[in-house]
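**Student:** If it helps, the file is called structure_38.txt and holds compact mmCIF, C-alpha atoms:
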# COMPACT_ATOMS: atom_id res chain seq x y z
CA MET A 1 -69.39 8.46 121.39
CA ASN A 2 -66.75 9.71 118.97
CA ASN A 3 -63.73 9.45 121.26
CA MET A 4 -61.54 12.26 119.87
CA MET A 5 -59.77 13.73 122.87
CA ILE A 6 -59.52 17.46 123.62
CA LYS A 7 -55.73 17.25 123.20
CA ASP A 8 -56.28 16.08 119.60
CA ILE A 9 -58.33 19.19 118.74
CA PRO A 10 -56.39 22.20 117.38
CA ASP A 11 -55.87 24.73 120.18
CA ASN A 12 -57.99 27.42 118.56
CA GLU A 13 -60.94 25.01 118.23
CA LYS A 14 -61.05 23.80 121.82
CA PRO A 15 -64.23 24.86 123.67
CA ARG A 16 -62.63 27.38 126.02
CA GLU A 17 -60.52 28.90 123.28
CA ARG A 18 -63.59 29.18 121.04
CA MET A 19 -65.43 30.98 123.81
CA MET A 20 -62.59 33.46 124.24
CA LYS A 21 -62.35 33.99 120.48
CA TYR A 22 -66.03 34.25 119.55
CA GLY A 23 -67.73 35.20 122.82
CA VAL A 24 -69.85 33.00 125.04
CA GLU A 25 -73.07 33.89 123.21
CA ASN A 26 -71.65 32.66 119.88
CA ILE A 27 -70.53 29.15 120.72
CA SER A 28 -72.53 25.94 120.45
CA ASN A 29 -74.49 24.18 123.17
CA GLU A 30 -71.94 21.39 122.93
CA ASP A 31 -69.08 23.78 123.67
CA LEU A 32 -70.97 25.41 126.55
CA LEU A 33 -71.71 22.04 128.09
CA ALA A 34 -68.14 20.80 127.54
CA ILE A 35 -66.75 23.85 129.35
CA THR A 36 -69.13 23.22 132.26
CA ILE A 37 -68.16 19.54 132.40
CA LYS A 38 -64.49 20.68 132.37
CA THR A 39 -62.69 17.33 132.14
CA GLY A 40 -63.39 14.00 130.56
CA THR A 41 -62.02 10.50 131.13
CA LYS A 42 -59.22 8.45 129.58
CA SER A 43 -61.66 7.31 126.91
CA PHE A 44 -63.89 10.34 126.34
CA SER A 45 -63.24 14.07 126.27
CA SER A 46 -65.55 16.62 127.86
CA ARG A 47 -66.78 17.43 124.35
CA ASN A 48 -67.56 13.74 123.70
CA ILE A 49 -69.58 13.61 126.90
CA ALA A 50 -71.37 16.87 126.06
CA SER A 51 -72.21 15.57 122.60
CA PHE A 52 -73.63 12.37 124.05
CA ILE A 53 -75.81 14.24 126.56
CA LEU A 54 -77.22 16.44 123.79
CA SER A 55 -77.94 13.37 121.65
CA GLN A 56 -80.27 12.12 124.40
CA ILE A 57 -82.59 15.14 124.27
CA ASN A 58 -84.67 16.89 121.64
CA ASP A 59 -84.09 20.41 122.91
CA ILE A 60 -81.54 22.05 125.21
CA SER A 61 -84.37 23.15 127.54
CA GLU A 62 -84.87 19.47 128.49
CA LEU A 63 -81.69 19.65 130.59
CA LYS A 64 -83.77 21.30 133.31
CA TYR A 65 -85.41 17.91 133.91
CA PHE A 66 -82.10 16.14 134.53
CA THR A 67 -81.43 14.99 138.06
CA ILE A 68 -78.17 13.99 139.73
CA ALA A 69 -79.19 10.35 139.29
CA LYS A 70 -79.82 10.84 135.57
CA PHE A 71 -76.50 12.64 134.99
CA THR A 72 -74.51 9.97 136.83
CA LYS A 73 -75.85 7.28 134.48
CA ILE A 74 -73.81 8.92 131.71
CA LYS A 75 -70.26 7.62 131.24
CA GLY A 76 -67.81 10.27 132.36
CA ILE A 77 -70.23 12.01 134.75
CA GLY A 78 -69.58 11.21 138.39
CA TYR A 79 -71.43 12.39 141.46
CA ILE A 80 -69.43 15.60 141.91
CA LYS A 81 -69.67 16.56 138.25
CA ALA A 82 -73.42 15.88 138.29
CA ILE A 83 -73.80 18.22 141.27
CA GLU A 84 -71.83 20.91 139.43
CA LEU A 85 -74.04 20.58 136.35
CA ILE A 86 -77.26 20.73 138.38
CA THR A 87 -75.91 23.77 140.24
CA ALA A 88 -74.96 25.55 137.00
CA LEU A 89 -78.42 24.94 135.55
CA GLU A 90 -80.13 26.25 138.68
CA LEU A 91 -77.89 29.33 138.79
CA GLY A 92 -78.76 30.14 135.18
CA ARG A 93 -82.46 29.74 135.92
CA ARG A 94 -82.24 32.13 138.86
CA VAL A 95 -80.22 34.73 136.97
CA TYR A 96 -82.54 34.90 133.98
CA TYR A 97 -85.95 33.96 135.32
CA GLU A 98 -86.28 34.88 138.97
CA PRO A 99 -87.44 38.42 139.58
CA GLN A 100 -84.71 40.59 141.03
CA SER A 101 -87.01 42.72 143.16
CA ASN A 102 -86.56 43.18 146.88
CA ILE A 103 -88.14 40.66 149.24
CA ARG A 104 -90.47 43.42 150.48
CA THR A 105 -92.15 43.67 147.09
CA LYS A 106 -95.70 44.97 147.33
CA PHE A 107 -98.11 42.42 145.94
CA ASN A 108 -101.22 44.38 145.05
CA ASN A 109 -102.73 41.99 142.50
CA PRO A 110 -102.63 38.27 141.63
CA LEU A 111 -100.77 38.90 138.37
CA SER A 112 -97.79 40.42 140.19
CA ILE A 113 -97.65 37.37 142.44
CA TYR A 114 -97.87 35.04 139.46
CA GLU A 115 -95.04 36.87 137.69
CA TYR A 116 -92.91 36.69 140.83
CA PHE A 117 -93.39 32.99 141.48
CA ARG A 118 -94.03 31.43 138.08
CA TYR A 119 -90.42 30.39 137.46
CA LYS A 120 -90.05 28.88 140.90
CA ILE A 121 -92.69 26.22 140.37
CA ASN A 122 -93.60 26.32 136.69
CA ASP A 123 -91.77 23.13 135.67
CA ILE A 124 -91.86 21.20 138.93
CA LYS A 125 -93.39 17.74 138.51
CA GLN A 126 -95.14 17.62 141.88
CA GLU A 127 -97.33 20.07 143.73
CA TYR A 128 -95.63 22.69 145.91
CA PHE A 129 -97.65 24.72 148.40
CA TYR A 130 -96.31 28.14 149.43
CA CYS A 131 -97.59 30.71 151.86
CA LEU A 132 -96.85 34.40 151.44
CA TYR A 133 -96.87 36.37 154.68
CA LEU A 134 -97.83 40.05 154.43
CA ASP A 135 -97.75 43.04 156.74
CA ASN A 136 -100.71 45.37 157.24
CA LYS A 137 -99.82 47.27 154.04
CA LYS A 138 -99.74 44.08 152.00
CA ASN A 139 -95.95 44.20 151.73
CA LEU A 140 -94.30 40.80 151.59
CA ILE A 141 -92.56 39.91 154.85
CA ASP A 142 -91.47 36.44 153.77
CA TYR A 143 -92.66 33.37 151.93
CA LYS A 144 -92.25 29.72 152.82
CA LEU A 145 -92.56 26.42 151.01
CA LEU A 146 -94.66 24.44 153.48
CA PHE A 147 -95.91 21.31 151.73
CA MET A 148 -94.90 19.10 148.80
CA GLY A 149 -96.86 16.32 147.16
CA THR A 150 -100.51 15.92 146.26
CA ILE A 151 -102.21 18.92 147.87
CA ASN A 152 -105.15 17.75 149.95
CA MET A 153 -106.69 18.25 153.38
CA SER A 154 -104.45 15.62 154.94
CA ILE A 155 -101.20 17.26 153.88
CA VAL A 156 -102.03 20.98 154.16
CA HIS A 157 -101.95 21.53 157.92
CA PRO A 158 -103.45 24.88 159.01
CA ARG A 159 -101.30 24.86 162.15
CA GLU A 160 -98.11 25.14 160.06
CA ILE A 161 -99.57 27.92 157.95
CA PHE A 162 -100.78 30.06 160.83
CA LYS A 163 -97.86 29.24 163.14
CA ASN A 164 -95.55 30.99 160.69
CA ALA A 165 -97.97 33.91 160.44
CA TYR A 166 -97.65 34.47 164.20
CA LEU A 167 -93.87 34.02 164.16
CA LEU A 168 -93.56 36.63 161.41
CA SER A 169 -96.20 38.96 162.88
CA ALA A 170 -98.08 38.77 159.59
CA SER A 171 -101.44 40.48 159.22
CA SER A 172 -102.56 38.42 156.26
CA ILE A 173 -101.48 35.53 154.06
CA ILE A 174 -101.76 34.41 150.46
CA CYS A 175 -101.65 30.72 149.61
CA LEU A 176 -100.17 29.57 146.34
CA HIS A 177 -99.55 26.21 144.73
CA ASN A 178 -98.91 24.74 141.30
CA HIS A 179 -100.76 22.28 139.10
CA PRO A 180 -98.17 20.20 137.18
CA SER A 181 -100.98 19.02 134.88
CA GLY A 182 -100.99 22.45 133.22
CA ASN A 183 -104.62 23.14 134.11
CA SER A 184 -104.98 25.98 136.61
CA LYS A 185 -108.67 25.30 137.31
CA PRO A 186 -109.16 24.53 141.04
CA SER A 187 -110.19 21.05 142.07
CA MET A 188 -112.87 20.33 144.66
CA GLU A 189 -110.04 19.63 147.12
CA ASP A 190 -108.51 23.04 146.37
CA LYS A 191 -111.86 24.67 147.11
CA LYS A 192 -112.25 22.76 150.38
CA ILE A 193 -108.77 23.74 151.51
CA THR A 194 -109.39 27.39 150.66
CA THR A 195 -112.71 27.51 152.51
CA ASN A 196 -111.15 25.82 155.52
CA LEU A 197 -108.19 28.22 155.67
CA VAL A 198 -110.40 31.30 155.24
CA GLU A 199 -112.62 30.22 158.16
CA ILE A 200 -109.66 29.46 160.41
CA GLY A 201 -108.07 32.78 159.45
CA LYS A 202 -111.21 34.63 160.52
CA LEU A 203 -111.09 32.95 163.94
CA LEU A 204 -107.41 33.79 164.39
CA GLY A 205 -107.63 37.34 163.06
CA ILE A 206 -105.31 36.63 160.11
CA GLU A 207 -106.93 37.29 156.74
CA VAL A 208 -106.46 34.80 153.92
CA VAL A 209 -106.33 37.28 151.04
CA ASP A 210 -106.15 34.85 148.13
CA HIS A 211 -105.29 31.36 147.00
CA ILE A 212 -103.52 31.31 143.64
CA ILE A 213 -103.00 28.24 141.47
CA ILE A 214 -100.20 28.36 138.90
CA SER A 215 -100.02 26.17 135.80
CA ASN A 216 -97.53 26.29 132.93
CA ASN A 217 -98.60 29.60 131.43
CA ASP A 218 -101.64 30.62 133.41
CA PHE A 219 -102.98 31.11 136.91
CA TYR A 220 -106.24 31.05 138.81
CA SER A 221 -107.01 33.48 141.62
CA PHE A 222 -109.78 32.55 144.07
CA TYR A 223 -110.05 36.24 144.98
CA GLU A 224 -110.45 37.46 141.39
CA ASN A 225 -113.04 34.78 140.71
CA ASN A 226 -115.03 35.58 143.89
CA ASP A 227 -114.42 32.11 145.29
CA MET A 228 -113.11 33.22 148.67
Spell out the structure here as structure tokens.

**Tutor:**
Amino acid sequence: MNNMMIKDIPDNEKPRERMMKYGVENISNEDLLAITIKTGTKSFSSRNIASFILSQINDISELKYFTIAKFTKIKGIGYIKAIELITALELGRRVYYEPQSNIRTKFNNPLSIYEYFRYKINDIKQEYFYCLYLDNKKNLIDYKLLFMGTINMSIVHPREIFKNAYLLSASSIICLHNHPSGNSKPSMEDKKITTNLVEIGKLLGIEVVDHIIISNNDFYSFYENNDM
């Protein structure tokens, strides 16, 4: 790292002063990161640390893959600062990418569900299995992340899925999970799980409306493909 300290930088060229002068949208990634980091160490300024972090990636979007453990391996980033950085990244993701619609959004087609959930699980490196619980007009009552890991018959427990349906007085459910591989095509295990849940739903009087698989930029709906 070039160890020029913030105090050695002319006042009007310090990150915060540049932001105030030029506007937040007109300053560099290095300045934005330095402001978020706030303070450096005796040896390295916040700008030095920001510069080093950026030198470790090819594109600013790669910061979304950083974990607390990865940040704390960088000189000048302690546990608390790593938490603050992770929190800032997550806040930005929610502000710009999560839909701002009310929780009682009406989901009347698989595309609307995909658009609502795509940024929640698009870049996650393991499989997440959600259930959406709907009232009798197909309005969303609530959704829950129920399982994480490789989605198979041993991990997806119907009792957890339908227990929540009863607790929420849901009339129907939609299952949804991601494929980190980027391929939204259902596996044989996905098909077995779907068939199993549909049959159990019929016995319990709770309709399984759809099972949607999300990949990076695509989705697969069992309902739309007549696989229910």

**Student:** Nearest to A:Cys175 among A:Lys144, A:Lys202, A:Arg159, A:Arg47, with distances taken over only C-alpha atoms: which residue is it?

**Tutor:** A:Lys144

**Student:** Within 7 Å of stretch 75-90 of chain A, counting only C-alpha atoms, which residues show up once you throw out same-chain ones fewer than 6 positions away? Write them as a list of chain:residue names, please.

**Tutor:**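 Residues near the query, excluding close chain neighbours: A:Thr36, A:Ile37, A:Gly40, A:Thr41, A:Ile49, A:Lys64, A:Ile68.
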
**Student:** Using all atoms listed in the file, which of the listed residues (A:Leu32, A:Ile206, A:Ile212, A:Ile173) sits closest to A:Ser112?

**Tutor:**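 Between A:Leu32, A:Ile206, A:Ile212, A:Ile173, the residue approaching A:Ser112 most closely is A:Ile212.
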
**Student:** Find the distance between atom CA of A:Ile155 and atom CA of A:Met228 and write it in Å to one decimal.

**Tutor:**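 These atoms are spaced 20.6 Å apart.
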
**Student:** What is the atom CA of A:Asp135 to atom CA of A:Ala170 distance in Å?

**Tutor:**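 Straight-line distance from atom CA of A:Asp135 to atom CA of A:Ala170 works out to 5.1 Å.
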
**Student:** Which residue gives the smallest distance to A:Ser172 among A:Phe147, A:Glu160, A:Glu207, A:Ile213, with all atoms listed in the file counted?

**Tutor:**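 Going through A:Phe147, A:Glu160, A:Glu207, A:Ile213 one by one, the smallest distance to A:Ser172 is for A:Glu207.
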
**Student:** Rank nothing, just name the residue among A:Tyr119, A:Phe129, A:Phe107, A:Tyr65 nearest to A:Val95, using all atoms listed in the file.

**Tutor:**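 Of all the options, A:Tyr119 lies closest to A:Val95.
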
**Student:** Name the residues in contact with A:Asp227 at a cut-off of 10 Å, using only C-alpha atoms, excluding same-chain residues fewer than 3 positions from it; report them as an MDAnalysis selection string.

**Tutor:** chainID A and resid 191 194:195 210:211 221:224

**Student:** Distance atom CA of A:Ser169-atom CA of A:Glu127, one decimal place?

**Tutor:** 26.9 Å

**Student:** Pick from A:Leu176, A:Ala50, A:Ile60, A:Val24: nearest to A:Tyr130, with all atoms listed in the file counted?

**Tutor:**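 Among the listed residues, the smallest separation from A:Tyr130 belongs to A:Leu176.
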
**Student:** Using all atoms listed in the file, pick whichever of A:Asn152, A:Asn108, A:Ser215, A:Thr72 has the shortest atom-to-atom distance to A:Ser187.

**Tutor:**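 For A:Ser187, the nearest of the candidates is A:Asn152.
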